[in-house]
file upload.cif (mmCIF, C-alpha atoms)
data_coords
loop_
_atom_site.label_atom_id
_atom_site.label_comp_id
_atom_site.auth_asym_id
_atom_site.auth_seq_id
_atom_site.Cartn_x
_atom_site.Cartn_y
_atom_site.Cartn_z
CA MET A 11 75.94 12.44 2.11
CA SER A 12 79.14 14.25 2.86
CA ASP A 13 77.87 16.18 5.87
CA SER A 14 78.16 14.75 9.34
CA ASP A 15 76.05 11.95 10.75
CA LEU A 16 74.66 11.66 14.23
CA PRO A 17 77.13 10.05 16.65
CA ASN A 18 76.57 6.31 16.71
CA ALA A 19 77.23 5.83 20.40
CA ILE A 20 74.55 8.28 21.40
CA VAL A 21 72.00 7.06 18.87
CA ASN A 22 72.60 3.48 20.01
CA ARG A 23 72.14 4.50 23.62
CA ILE A 24 68.79 6.09 22.81
CA ILE A 25 67.69 3.04 20.82
CA LYS A 26 68.66 0.74 23.63
CA SER A 27 66.78 2.80 26.20
CA SER A 28 63.52 2.29 24.33
CA LEU A 29 63.79 -1.48 24.18
CA PRO A 30 63.46 -4.12 26.89
CA GLU A 31 66.71 -5.44 28.34
CA ASN A 32 66.79 -8.81 26.64
CA VAL A 33 66.37 -7.50 23.13
CA ALA A 34 69.13 -7.59 20.56
CA ILE A 35 69.31 -5.17 17.71
CA ALA A 36 71.04 -5.93 14.44
CA LYS A 37 73.85 -3.58 13.52
CA ASP A 38 72.31 -2.53 10.20
CA SER A 39 69.14 -1.64 12.09
CA LYS A 40 71.03 0.82 14.26
CA LEU A 41 72.54 2.42 11.19
CA ALA A 42 69.16 2.57 9.47
CA ILE A 43 67.61 4.36 12.42
CA SER A 44 70.49 6.81 12.63
CA LYS A 45 70.20 7.57 8.94
CA ALA A 46 66.44 7.99 9.19
CA ALA A 47 66.86 10.41 12.09
CA LYS A 48 69.28 12.49 10.08
CA ILE A 49 66.91 12.62 7.10
CA TRP A 50 64.20 13.69 9.51
CA ILE A 51 66.29 16.60 10.74
CA HIS A 52 66.58 17.83 7.15
CA TYR A 53 62.86 17.32 6.68
CA LEU A 54 61.90 19.17 9.87
CA THR A 55 64.40 21.95 9.18
CA ALA A 56 62.94 22.59 5.74
CA ALA A 57 59.40 22.70 7.14
CA SER A 58 60.47 24.99 9.99
CA ILE A 59 62.20 27.39 7.63
CA ASP A 60 58.96 27.67 5.65
CA PHE A 61 57.27 29.01 8.75
CA SER A 62 60.12 31.44 9.47
CA GLN A 63 60.02 32.77 5.94
CA ASN A 64 56.25 33.11 5.94
CA ALA A 65 56.57 35.22 9.07
CA GLY A 66 59.16 37.35 7.28
CA ARG A 67 61.99 36.29 9.57
CA SER A 68 65.49 35.20 8.72
CA THR A 69 65.98 33.45 12.05
CA LEU A 70 64.61 30.00 12.76
CA LEU A 71 62.80 30.15 16.09
CA PRO A 72 61.46 27.42 18.41
CA LYS A 73 57.90 28.26 17.49
CA ASP A 74 58.68 27.52 13.86
CA VAL A 75 59.82 24.07 14.91
CA LEU A 76 56.64 23.42 16.87
CA GLN A 77 54.45 24.53 13.99
CA ALA A 78 56.44 22.39 11.59
CA LEU A 79 55.93 19.32 13.77
CA GLU A 80 52.21 19.79 13.54
CA GLU A 81 52.38 20.37 9.81
CA LEU A 82 54.34 17.16 9.26
CA ASP A 83 51.91 15.06 11.29
CA PHE A 84 54.21 14.75 14.27
CA GLU A 85 51.74 16.51 16.47
CA SER A 86 52.21 13.89 19.18
CA PHE A 87 55.71 15.27 19.68
CA LYS A 88 54.47 18.73 20.58
CA ALA A 89 53.30 18.12 24.12
CA PRO A 90 56.42 16.37 25.44
CA LEU A 91 58.60 18.87 23.58
CA GLU A 92 56.82 21.91 24.97
CA GLU A 93 57.04 20.42 28.46
CA PHE A 94 60.75 19.78 27.97
CA PHE A 95 61.34 23.28 26.66
CA SER A 96 59.54 25.06 29.50
CA ASN A 97 61.44 22.97 32.06
CA TYR A 98 64.65 23.78 30.24
CA LYS A 99 63.97 27.51 30.35
CA ILE A 100 63.20 27.34 34.06
CA LYS A 101 66.47 25.55 34.71
CA GLU A 102 68.38 28.09 32.66
CA LYS A 103 66.84 30.94 34.65
CA GLU A 104 67.85 29.26 37.89
CA LYS A 105 71.38 28.85 36.61
CA GLU A 106 71.55 32.52 35.63
CA LYS A 107 70.24 33.58 39.02
CA LYS A 108 72.81 31.42 40.77
CA LYS A 109 75.59 32.90 38.64
CA GLU A 110 74.47 36.42 39.51
CA GLU A 111 74.38 35.62 43.21
CA GLU A 112 77.84 34.08 43.10
CA LYS A 113 79.15 37.10 41.26
CA LYS A 114 77.69 39.45 43.86
CA GLU A 115 79.18 37.30 46.60
CA ARG A 116 82.64 37.53 45.04
CA GLU A 117 82.34 41.27 44.57
CA LYS A 118 81.34 41.67 48.19
CA GLU A 119 84.30 39.59 49.33
CA ASN A 120 86.67 41.67 47.23
CA LYS A 121 85.24 44.88 48.59
CA ASP A 122 85.55 43.65 52.17
CA LYS A 123 89.15 42.73 51.50
CA GLU A 124 89.83 46.20 50.08
CA ASN A 125 88.30 47.83 53.11
CA LYS A 126 90.35 45.63 55.41
CA ASP A 127 93.55 46.57 53.60
CA LYS A 128 92.61 50.22 53.82
CA ASP A 129 92.00 49.91 57.57
CA ASP A 130 95.35 48.21 58.01
CA ASN A 131 97.08 51.03 56.13
CA ASP A 132 95.29 53.66 58.20
CA LYS A 133 96.40 51.84 61.31
CA ASP A 134 100.01 51.86 60.12
CA ASP A 135 99.73 55.58 59.40
CA ASP A 136 98.43 56.21 62.91
CA GLU A 137 101.33 54.27 64.41
CA ASN A 138 103.80 56.26 62.37
CA GLU A 139 102.13 59.44 63.55
CA ASP A 140 102.57 58.40 67.19
CA GLU A 141 106.23 57.59 66.68
CA LYS A 142 106.81 60.93 65.07
CA ASN A 143 105.18 62.72 68.00
CA ASN A 144 107.30 60.79 70.46
CA ASP A 145 110.45 61.72 68.63
CA LYS A 146 109.37 65.32 68.64
CA ASP A 147 108.79 65.20 72.35
CA GLY A 148 112.12 63.50 72.80
CA SER A 149 114.03 66.06 70.83
CA ASP A 150 112.49 68.84 72.85
CA ASP A 151 114.07 67.46 75.88
CA LYS A 152 117.18 69.18 76.77
CA GLN B 123 43.48 -6.39 14.86
CA PHE B 124 47.13 -5.50 14.39
CA GLN B 125 46.17 -1.85 14.12
CA SER B 126 44.37 -1.77 17.45
CA HIS B 127 47.29 -3.56 19.05
CA LEU B 128 49.63 -0.99 17.54
CA ASP B 129 47.44 1.88 18.70
CA ALA B 130 47.38 0.56 22.23
CA LYS B 131 51.12 0.21 22.30
CA LEU B 132 51.65 3.68 20.91
CA THR B 133 49.28 5.28 23.40
CA ASN B 134 51.22 3.60 26.15
CA PHE B 135 54.46 4.76 24.59
CA TRP B 136 53.34 8.38 24.56
CA SER B 137 52.16 8.43 28.15
CA THR B 138 55.55 7.06 29.19
CA GLN B 139 57.28 9.69 27.08
CA VAL B 140 55.54 12.54 28.87
CA LYS B 141 56.27 10.93 32.22
CA ASP B 142 59.93 10.54 31.35
CA ILE B 143 60.23 14.11 30.18
CA ASN B 144 58.80 15.28 33.47
CA LYS B 145 61.37 13.23 35.30
CA THR B 146 64.32 14.56 33.37
CA ASP B 147 66.50 16.71 35.57
CA ASP B 148 69.67 16.79 33.61
CA PHE B 149 69.58 19.16 30.68
CA LYS B 150 73.25 19.44 30.07
CA ASN B 151 73.24 15.82 28.98
CA HIS B 152 71.14 16.50 25.89
CA GLU B 153 72.41 13.27 24.43
CA LEU B 154 72.63 14.45 20.84
CA PRO B 155 75.36 17.08 20.36
CA LEU B 156 73.95 20.49 19.50
CA ALA B 157 76.83 21.48 17.26
CA ARG B 158 76.32 18.40 15.12
CA ILE B 159 72.61 19.01 14.83
CA LYS B 160 73.19 22.62 13.92
CA LYS B 161 75.62 21.50 11.24
CA ILE B 162 73.04 19.15 9.72
CA MET B 163 70.43 21.91 9.81
CA LYS B 164 72.79 24.38 8.15
CA SER B 165 73.40 22.07 5.21
CA ASP B 166 70.03 23.33 3.94
CA LYS B 167 70.88 26.33 1.80
CA ASP B 168 67.65 28.08 2.75
CA VAL B 169 68.71 28.18 6.37
CA ASN B 170 70.00 31.58 7.40
CA LYS B 171 70.14 32.17 11.14
CA ILE B 172 69.15 29.70 13.82
CA SER B 173 68.13 30.79 17.29
CA SER B 174 70.25 29.18 20.00
CA GLU B 175 67.23 27.38 21.39
CA ALA B 176 66.21 25.71 18.13
CA PRO B 177 68.94 23.00 18.14
CA ILE B 178 67.94 22.15 21.68
CA LEU B 179 64.40 21.46 20.52
CA PHE B 180 65.69 19.55 17.53
CA ALA B 181 67.90 17.38 19.71
CA LYS B 182 65.02 16.44 21.95
CA ALA B 183 62.63 15.94 19.04
CA CYS B 184 65.16 13.71 17.35
CA GLU B 185 65.51 11.65 20.49
CA ILE B 186 61.73 11.22 20.63
CA LEU B 187 61.74 10.24 16.96
CA ILE B 188 64.38 7.57 17.48
CA LEU B 189 62.39 6.22 20.40
CA GLU B 190 59.22 6.07 18.33
CA MET B 191 60.83 4.44 15.30
CA THR B 192 62.51 1.87 17.50
CA HIS B 193 59.30 1.21 19.35
CA ARG B 194 57.27 0.76 16.18
CA SER B 195 59.88 -1.58 14.79
CA TRP B 196 59.99 -3.53 17.99
CA ILE B 197 56.26 -4.15 17.89
CA HIS B 198 56.89 -5.86 14.57
CA THR B 199 59.71 -7.93 16.01
CA GLU B 200 57.50 -9.06 18.86
CA LEU B 201 54.60 -9.95 16.63
CA ASN B 202 56.93 -12.18 14.65
CA LYS B 203 58.05 -13.77 17.88
CA ARG B 204 61.67 -12.77 17.47
CA ARG B 205 64.09 -11.28 19.96
CA THR B 206 66.31 -9.44 17.54
CA LEU B 207 65.18 -6.24 15.91
CA GLN B 208 66.01 -6.55 12.22
CA ARG B 209 66.11 -3.96 9.50
CA THR B 210 63.06 -5.59 7.94
CA ASP B 211 61.11 -4.72 11.09
CA ILE B 212 62.03 -1.09 10.59
CA ILE B 213 61.14 -1.14 6.91
CA ASN B 214 57.83 -2.92 7.40
CA SER B 215 56.67 -0.88 10.37
CA LEU B 216 57.57 2.49 8.88
CA SER B 217 56.24 1.71 5.40
CA LYS B 218 52.85 1.16 6.93
CA CYS B 219 52.67 4.67 8.34
CA GLU B 220 52.14 7.65 6.04
CA THR B 221 53.92 9.97 8.45
CA PHE B 222 57.16 8.23 7.56
CA ASP B 223 56.75 8.66 3.81
CA PHE B 224 59.65 11.10 3.88
CA LEU B 225 61.88 8.04 4.26
CA ILE B 226 60.71 6.66 0.93
CA ASP B 227 64.13 7.04 -0.66
CA MET B 228 65.74 5.16 2.15
CA LEU B 229 63.31 2.27 2.41
CA PRO B 230 63.04 -0.29 -0.37
CA ARG B 231 59.78 -0.16 -2.31
CA GLU B 232 58.83 -3.77 -1.91
CA GLU B 233 57.94 -5.00 1.51
CA ILE B 234 60.21 -7.74 2.67
CA LYS B 235 58.39 -10.61 4.31
#

call {"tool": "encode", "arguments": {"input": "upload.cif", "output": "C-alpha coordinates"}}
result
Amino acid sequence: MSDSDLPNAIVNRIIKSSLPENVAIAKDSKLAISKAAKIWIHYLTAASIDFSQNAGRSTLLPKDVLQALEELDFESFKAPLEEFFSNYKIKEKEKEKKKEEEKKEREKENKDKENKDKDDNDKDDDENEDEKNNDKDGSDDK
Amino acid sequence: QFQSHLDAKLTNFWSTQVKDINKTDDFKNHELPLARIKKIMKSDKDVNKISSEAPILFAKACEILILEMTHRSWIHTELNKRRTLQRTDIINSLSKCETFDFLIDMLPREEIK
(Lines of atoms letter the chains of each structure in order from A and count residues from 1; the text may use other names and numbers.)
(Lines give C-alpha, C1' and ligand atoms only; values in the text may rest on other atoms or scores of the structure.)
Protein backbone atom coordinates (compact mmCIF):
# COMPACT_ATOMS: atom_id res chain seq x y z
CA MET A 1 0.00 0.00 0.00
CA SER A 2 1.34 3.37 -0.94
CA ASP A 3 -0.47 5.35 1.74
CA SER A 4 1.12 5.94 5.10
CA ASP A 5 1.52 3.36 7.83
CA LEU A 6 1.10 3.86 11.53
CA PRO A 7 4.31 5.07 13.20
CA ASN A 8 6.32 2.09 14.39
CA ALA A 9 7.60 3.67 17.57
CA ILE A 10 4.13 4.39 18.85
CA VAL A 11 2.67 1.05 17.82
CA ASN A 12 5.58 -0.73 19.51
CA ARG A 13 5.04 1.29 22.66
CA ILE A 14 1.39 0.26 22.76
CA ILE A 15 2.27 -3.40 22.13
CA LYS A 16 4.85 -3.33 24.87
CA SER A 17 2.44 -1.79 27.36
CA SER A 18 0.07 -4.73 26.99
CA LEU A 19 2.69 -7.37 27.70
CA PRO A 20 4.50 -8.31 30.90
CA GLU A 21 7.98 -6.87 31.34
CA ASN A 22 10.00 -9.97 30.63
CA VAL A 23 8.38 -10.75 27.30
CA ALA A 24 10.19 -10.39 24.01
CA ILE A 25 8.39 -9.75 20.79
CA ALA A 26 9.77 -10.74 17.41
CA LYS A 27 10.24 -7.89 14.97
CA ASP A 28 7.98 -9.37 12.30
CA SER A 29 5.27 -9.67 14.94
CA LYS A 30 5.37 -5.94 15.58
CA LEU A 31 5.08 -5.25 11.88
CA ALA A 32 2.22 -7.72 11.53
CA ILE A 33 0.28 -6.03 14.30
CA SER A 34 0.90 -2.60 12.83
CA LYS A 35 -0.29 -3.77 9.44
CA ALA A 36 -3.36 -5.42 10.94
CA ALA A 37 -4.23 -2.22 12.78
CA LYS A 38 -4.02 -0.24 9.57
CA ILE A 39 -6.27 -2.71 7.74
CA TRP A 40 -8.68 -2.40 10.63
CA ILE A 41 -8.83 1.37 10.24
CA HIS A 42 -9.87 0.89 6.61
CA TYR A 43 -12.41 -1.70 7.68
CA LEU A 44 -13.91 0.46 10.44
CA THR A 45 -13.92 3.54 8.21
CA ALA A 46 -15.87 1.75 5.50
CA ALA A 47 -18.42 0.48 8.03
CA SER A 48 -18.73 3.93 9.62
CA ILE A 49 -19.28 5.61 6.27
CA ASP A 50 -22.16 3.20 5.62
CA PHE A 51 -23.90 4.56 8.69
CA SER A 52 -23.23 8.17 7.68
CA GLN A 53 -24.61 7.59 4.22
CA ASN A 54 -27.67 5.76 5.52
CA ALA A 55 -28.39 8.79 7.69
CA GLY A 56 -28.05 10.99 4.60
CA ARG A 57 -24.94 12.74 5.89
CA SER A 58 -21.71 13.51 4.12
CA THR A 59 -19.78 13.93 7.36
CA LEU A 60 -18.50 10.99 9.35
CA LEU A 61 -19.52 11.50 12.96
CA PRO A 62 -18.47 9.79 16.21
CA LYS A 63 -21.81 8.05 16.49
CA ASP A 64 -21.21 6.41 13.12
CA VAL A 65 -17.99 4.99 14.50
CA LEU A 66 -19.71 3.61 17.59
CA GLN A 67 -22.45 2.00 15.53
CA ALA A 68 -19.88 0.52 13.18
CA LEU A 69 -18.00 -1.05 16.08
CA GLU A 70 -21.14 -2.85 17.12
CA GLU A 71 -21.86 -3.91 13.57
CA LEU A 72 -18.38 -5.39 13.15
CA ASP A 73 -18.60 -7.38 16.38
CA PHE A 74 -16.27 -5.08 18.29
CA GLU A 75 -18.99 -4.23 20.73
CA SER A 76 -16.60 -4.72 23.64
CA PHE A 77 -14.78 -1.60 22.46
CA LYS A 78 -17.84 0.60 22.86
CA ALA A 79 -17.87 1.02 26.63
CA PRO A 80 -14.22 2.02 27.09
CA LEU A 81 -14.43 4.23 24.01
CA GLU A 82 -17.56 6.04 25.16
CA GLU A 83 -15.98 6.56 28.57
CA PHE A 84 -12.84 7.93 26.94
CA PHE A 85 -14.83 10.22 24.68
CA SER A 86 -16.96 11.72 27.44
CA ASN A 87 -13.85 12.33 29.56
CA TYR A 88 -12.20 13.91 26.55
CA LYS A 89 -15.10 16.27 25.98
CA ILE A 90 -15.09 17.31 29.63
CA LYS A 91 -11.39 18.08 29.46
CA GLU A 92 -11.86 20.09 26.29
CA LYS A 93 -14.60 22.15 27.93
CA GLU A 94 -12.35 22.85 30.89
CA LYS A 95 -9.58 23.94 28.55
CA GLU A 96 -11.95 26.28 26.70
CA LYS A 97 -13.18 27.76 29.95
CA LYS A 98 -9.64 28.35 31.12
CA LYS A 99 -8.77 30.04 27.82
CA GLU A 100 -11.77 32.33 28.14
CA GLU A 101 -10.85 33.27 31.68
CA GLU A 102 -7.26 34.00 30.71
CA LYS A 103 -8.47 36.12 27.83
CA LYS A 104 -10.74 38.13 30.11
CA GLU A 105 -7.89 38.55 32.56
CA ARG A 106 -5.63 39.95 29.84
CA GLU A 107 -8.33 42.28 28.59
CA LYS A 108 -8.88 43.56 32.11
CA GLU A 109 -5.16 44.16 32.56
CA ASN A 110 -4.99 46.07 29.29
CA LYS A 111 -7.96 48.18 30.24
CA ASP A 112 -6.47 48.97 33.64
CA LYS A 113 -3.26 50.00 31.95
CA GLU A 114 -5.17 52.27 29.57
CA ASN A 115 -6.99 53.90 32.45
CA LYS A 116 -3.73 54.40 34.30
CA ASP A 117 -2.15 56.06 31.28
CA LYS A 118 -5.20 58.28 30.91
CA ASP A 119 -4.97 59.31 34.57
CA ASP A 120 -1.29 60.10 34.16
CA ASN A 121 -2.05 62.29 31.15
CA ASP A 122 -4.83 64.08 33.00
CA LYS A 123 -2.42 64.70 35.84
CA ASP A 124 0.13 66.18 33.44
CA ASP A 125 -2.58 68.41 31.98
CA ASP A 126 -3.51 69.63 35.44
CA GLU A 127 0.11 70.46 36.21
CA ASN A 128 0.43 72.39 32.98
CA GLU A 129 -2.73 74.27 33.87
CA ASP A 130 -1.26 75.29 37.23
CA GLU A 131 1.96 76.50 35.63
CA LYS A 132 0.03 78.55 33.15
CA ASN A 133 -1.98 80.19 35.92
CA ASN A 134 1.18 80.99 37.84
CA ASP A 135 2.72 82.61 34.81
CA LYS A 136 -0.42 84.63 34.32
CA ASP A 137 -0.30 85.80 37.89
CA GLY A 138 3.36 86.58 37.50
CA SER A 139 2.89 88.65 34.40
CA ASP A 140 0.19 90.66 36.08
CA ASP A 141 2.66 91.81 38.56
CA LYS A 142 4.01 95.13 37.80
CA GLN B 1 -10.63 -25.98 28.00
CA PHE B 2 -8.52 -23.53 26.02
CA GLN B 3 -11.63 -21.54 25.22
CA SER B 4 -12.60 -21.05 28.85
CA HIS B 5 -9.04 -20.07 29.66
CA LEU B 6 -9.14 -17.57 26.80
CA ASP B 7 -12.49 -16.21 27.94
CA ALA B 8 -11.23 -15.70 31.45
CA LYS B 9 -8.18 -13.88 30.23
CA LEU B 10 -10.20 -11.67 27.93
CA THR B 11 -12.70 -10.76 30.64
CA ASN B 12 -9.80 -9.75 32.81
CA PHE B 13 -8.31 -7.79 29.93
CA TRP B 14 -11.49 -5.80 29.42
CA SER B 15 -11.95 -4.90 33.06
CA THR B 16 -8.38 -3.59 33.09
CA GLN B 17 -9.05 -1.64 29.91
CA VAL B 18 -11.97 0.23 31.45
CA LYS B 19 -9.95 0.88 34.59
CA ASP B 20 -7.06 2.23 32.56
CA ILE B 21 -9.28 4.48 30.52
CA ASN B 22 -10.69 5.94 33.70
CA LYS B 23 -7.20 6.63 34.91
CA THR B 24 -6.09 8.40 31.77
CA ASP B 25 -5.55 12.07 32.41
CA ASP B 26 -3.47 13.03 29.47
CA PHE B 27 -5.44 13.46 26.29
CA LYS B 28 -2.94 15.41 24.33
CA ASN B 29 -0.76 12.33 24.25
CA HIS B 30 -3.16 10.36 22.08
CA GLU B 31 -0.32 8.11 21.11
CA LEU B 32 -1.37 7.56 17.51
CA PRO B 33 -1.08 10.75 15.44
CA LEU B 34 -4.46 12.08 14.34
CA ALA B 35 -3.22 13.42 11.03
CA ARG B 36 -1.88 10.01 10.06
CA ILE B 37 -5.11 8.30 11.00
CA LYS B 38 -7.12 10.84 9.08
CA LYS B 39 -4.91 10.22 6.06
CA ILE B 40 -5.53 6.48 6.22
CA MET B 41 -9.27 7.08 6.58
CA LYS B 42 -9.30 9.45 3.61
CA SER B 43 -7.73 6.88 1.32
CA ASP B 44 -11.24 5.41 1.11
CA LYS B 45 -12.81 7.13 -1.86
CA ASP B 46 -16.25 7.02 -0.26
CA VAL B 47 -15.05 9.21 2.57
CA ASN B 48 -16.15 12.81 2.17
CA LYS B 49 -15.94 14.89 5.33
CA ILE B 50 -14.74 13.70 8.71
CA SER B 51 -15.77 15.39 11.93
CA SER B 52 -12.79 16.55 13.98
CA GLU B 53 -13.72 14.18 16.78
CA ALA B 54 -13.82 11.03 14.64
CA PRO B 55 -10.02 10.58 14.33
CA ILE B 56 -9.77 10.91 18.08
CA LEU B 57 -12.14 7.98 18.51
CA PHE B 58 -10.32 6.04 15.82
CA ALA B 59 -6.97 6.61 17.50
CA LYS B 60 -8.24 5.30 20.80
CA ALA B 61 -10.10 2.40 19.20
CA CYS B 62 -6.97 1.46 17.30
CA GLU B 63 -4.97 1.50 20.51
CA ILE B 64 -7.52 -0.83 22.12
CA LEU B 65 -7.35 -3.08 19.07
CA ILE B 66 -3.57 -3.34 19.23
CA LEU B 67 -3.83 -4.18 22.91
CA GLU B 68 -6.38 -6.89 22.25
CA MET B 69 -4.50 -8.47 19.35
CA THR B 70 -1.30 -8.48 21.34
CA HIS B 71 -3.05 -9.93 24.34
CA ARG B 72 -4.69 -12.71 22.35
CA SER B 73 -1.40 -13.56 20.73
CA TRP B 74 0.36 -13.55 24.05
CA ILE B 75 -2.06 -16.08 25.48
CA HIS B 76 -0.91 -18.37 22.69
CA THR B 77 2.73 -17.71 23.47
CA GLU B 78 2.17 -18.53 27.11
CA LEU B 79 0.27 -21.71 26.39
CA ASN B 80 3.21 -22.88 24.31
CA LYS B 81 5.50 -22.05 27.20
CA ARG B 82 7.52 -19.52 25.25
CA ARG B 83 8.70 -16.07 26.24
CA THR B 84 8.87 -14.55 22.79
CA LEU B 85 5.75 -13.55 20.95
CA GLN B 86 6.09 -14.87 17.41
CA ARG B 87 4.15 -14.09 14.29
CA THR B 88 2.70 -17.60 14.42
CA ASP B 89 1.08 -16.71 17.74
CA ILE B 90 -0.64 -13.80 16.06
CA ILE B 91 -1.75 -15.88 13.09
CA ASN B 92 -3.02 -18.77 15.19
CA SER B 93 -4.83 -16.68 17.77
CA LEU B 94 -6.52 -14.38 15.27
CA SER B 95 -7.47 -17.14 12.83
CA LYS B 96 -9.48 -18.75 15.57
CA CYS B 97 -11.68 -15.71 16.03
CA GLU B 98 -14.31 -14.82 13.42
CA THR B 99 -14.16 -11.16 14.36
CA PHE B 100 -10.71 -11.02 12.81
CA ASP B 101 -11.78 -12.51 9.49
CA PHE B 102 -11.16 -9.14 7.89
CA LEU B 103 -7.46 -9.97 8.17
CA ILE B 104 -7.88 -13.01 5.96
CA ASP B 105 -5.76 -11.54 3.18
CA MET B 106 -2.97 -10.83 5.58
CA LEU B 107 -2.90 -14.13 7.42
CA PRO B 108 -1.81 -17.31 5.66
CA ARG B 109 -4.59 -19.81 5.08
CA GLU B 110 -2.92 -22.78 6.69
CA GLU B 111 -2.36 -22.70 10.37
CA ILE B 112 1.27 -22.95 11.27
CA LYS B 113 1.96 -25.33 14.11

call {"tool": "interface_residues", "arguments": {"input": "upload.cif", "of": "chain A", "to": "chain B", "cutoff": "6 Å", "atoms": "all atoms listed in the file", "output": "list of chain:residue names"}}
result
A:Ser28, A:Val33, A:Ala34, A:Ile35, A:Ala36, A:Ser39, A:Ser68, A:Thr69, A:Leu70, A:Leu71, A:Pro72, A:Pro90

call {"tool": "resolve_selection", "arguments": {"input": "upload.cif", "expression": "the PyMOL selection byres ((chain A and resi 50-65) around 6)", "output": "list in words"}}
result
Ala47, Lys48, Ile49, Gly66, Arg67, Leu70, Asp74, Val75 and Ala78 of chain A

call {"tool": "atom_distance", "arguments": {"input": "upload.cif", "atom1": "CA of Thr133 (chain B)", "atom2": "CA of Asp223 (chain B)"}}
result
21.2 Å

call {"tool": "atom_distance", "arguments": {"input": "upload.cif", "atom1": "CA of Phe94 (chain A)", "atom2": "CA of Leu128 (chain B)"}}
result
25.8 Å

call {"tool": "atom_distance", "arguments": {"input": "upload.cif", "atom1": "CA of Asn214 (chain B)", "atom2": "CA of Asp83 (chain A)"}}
result
19.3 Å

call {"tool": "resolve_selection", "arguments": {"input": "upload.cif", "expression": "the PyMOL selection byres ((chain B and resi 124) around 12)", "output": "number ranges by chain"}}
result
B: 123, 125-131, 197-198, 200-202, 215, 218

call {"tool": "decode", "arguments": {"input": "upload.cif", "residues": "region 162-181 of chain B", "atoms": "N, CA, C and O atoms", "output": "short mmCIF file (atom, residue, chain, number, x, y, z; two decimals), in the first residue's frame"}}
result
data_model
loop_
_atom_site.label_atom_id
_atom_site.label_comp_id
_atom_site.auth_asym_id
_atom_site.auth_seq_id
_atom_site.Cartn_x
_atom_site.Cartn_y
_atom_site.Cartn_z
N ILE B 162 -5.17 7.87 6.53
CA ILE B 162 -5.53 6.48 6.22
C ILE B 162 -7.03 6.40 5.95
O ILE B 162 -7.47 5.73 5.02
N MET B 163 -7.81 7.10 6.76
CA MET B 163 -9.27 7.08 6.58
C MET B 163 -9.64 7.66 5.21
O MET B 163 -10.51 7.14 4.51
N LYS B 164 -8.97 8.75 4.85
CA LYS B 164 -9.30 9.45 3.61
C LYS B 164 -8.93 8.69 2.36
O LYS B 164 -9.37 9.04 1.27
N SER B 165 -8.12 7.65 2.50
CA SER B 165 -7.73 6.88 1.32
C SER B 165 -8.92 6.08 0.78
O SER B 165 -8.88 5.57 -0.33
N ASP B 166 -9.98 6.01 1.57
CA ASP B 166 -11.24 5.41 1.11
C ASP B 166 -11.97 6.45 0.28
O ASP B 166 -12.27 7.54 0.76
N LYS B 167 -12.24 6.11 -0.98
CA LYS B 167 -12.81 7.13 -1.86
C LYS B 167 -14.23 7.53 -1.49
O LYS B 167 -14.72 8.57 -1.91
N ASP B 168 -14.89 6.68 -0.69
CA ASP B 168 -16.25 7.02 -0.26
C ASP B 168 -16.27 8.06 0.84
O ASP B 168 -17.32 8.60 1.17
N VAL B 169 -15.11 8.28 1.45
CA VAL B 169 -15.05 9.21 2.57
C VAL B 169 -15.06 10.64 2.06
O VAL B 169 -14.25 11.02 1.23
N ASN B 170 -16.01 11.42 2.58
CA ASN B 170 -16.15 12.81 2.17
C ASN B 170 -15.58 13.71 3.26
O ASN B 170 -14.41 14.04 3.25
N LYS B 171 -16.43 14.07 4.23
CA LYS B 171 -15.94 14.89 5.33
C LYS B 171 -15.88 14.06 6.61
O LYS B 171 -16.69 13.15 6.80
N ILE B 172 -14.91 14.40 7.44
CA ILE B 172 -14.74 13.70 8.71
C ILE B 172 -14.82 14.72 9.83
O ILE B 172 -14.10 15.72 9.81
N SER B 173 -15.70 14.47 10.80
CA SER B 173 -15.77 15.39 11.93
C SER B 173 -14.45 15.35 12.69
O SER B 173 -13.76 14.34 12.69
N SER B 174 -14.10 16.47 13.33
CA SER B 174 -12.79 16.55 13.98
C SER B 174 -12.65 15.54 15.12
O SER B 174 -11.54 15.15 15.50
N GLU B 175 -13.78 15.12 15.66
CA GLU B 175 -13.72 14.18 16.78
C GLU B 175 -13.54 12.73 16.35
O GLU B 175 -13.08 11.90 17.14
N ALA B 176 -13.89 12.42 15.10
CA ALA B 176 -13.82 11.03 14.64
C ALA B 176 -12.41 10.44 14.70
O ALA B 176 -12.24 9.33 15.22
N PRO B 177 -11.37 11.15 14.22
CA PRO B 177 -10.02 10.58 14.33
C PRO B 177 -9.59 10.31 15.76
O PRO B 177 -8.81 9.38 16.02
N ILE B 178 -10.11 11.12 16.67
CA ILE B 178 -9.77 10.91 18.08
C ILE B 178 -10.31 9.57 18.55
O ILE B 178 -9.63 8.80 19.24
N LEU B 179 -11.55 9.28 18.16
CA LEU B 179 -12.14 7.98 18.51
C LEU B 179 -11.38 6.85 17.83
O LEU B 179 -11.11 5.82 18.44
N PHE B 180 -11.04 7.06 16.57
CA PHE B 180 -10.32 6.04 15.82
C PHE B 180 -8.98 5.73 16.47
O PHE B 180 -8.57 4.57 16.57
N ALA B 181 -8.28 6.79 16.88
CA ALA B 181 -6.97 6.61 17.50
C ALA B 181 -7.09 5.74 18.75
O ALA B 181 -6.32 4.79 18.95
#
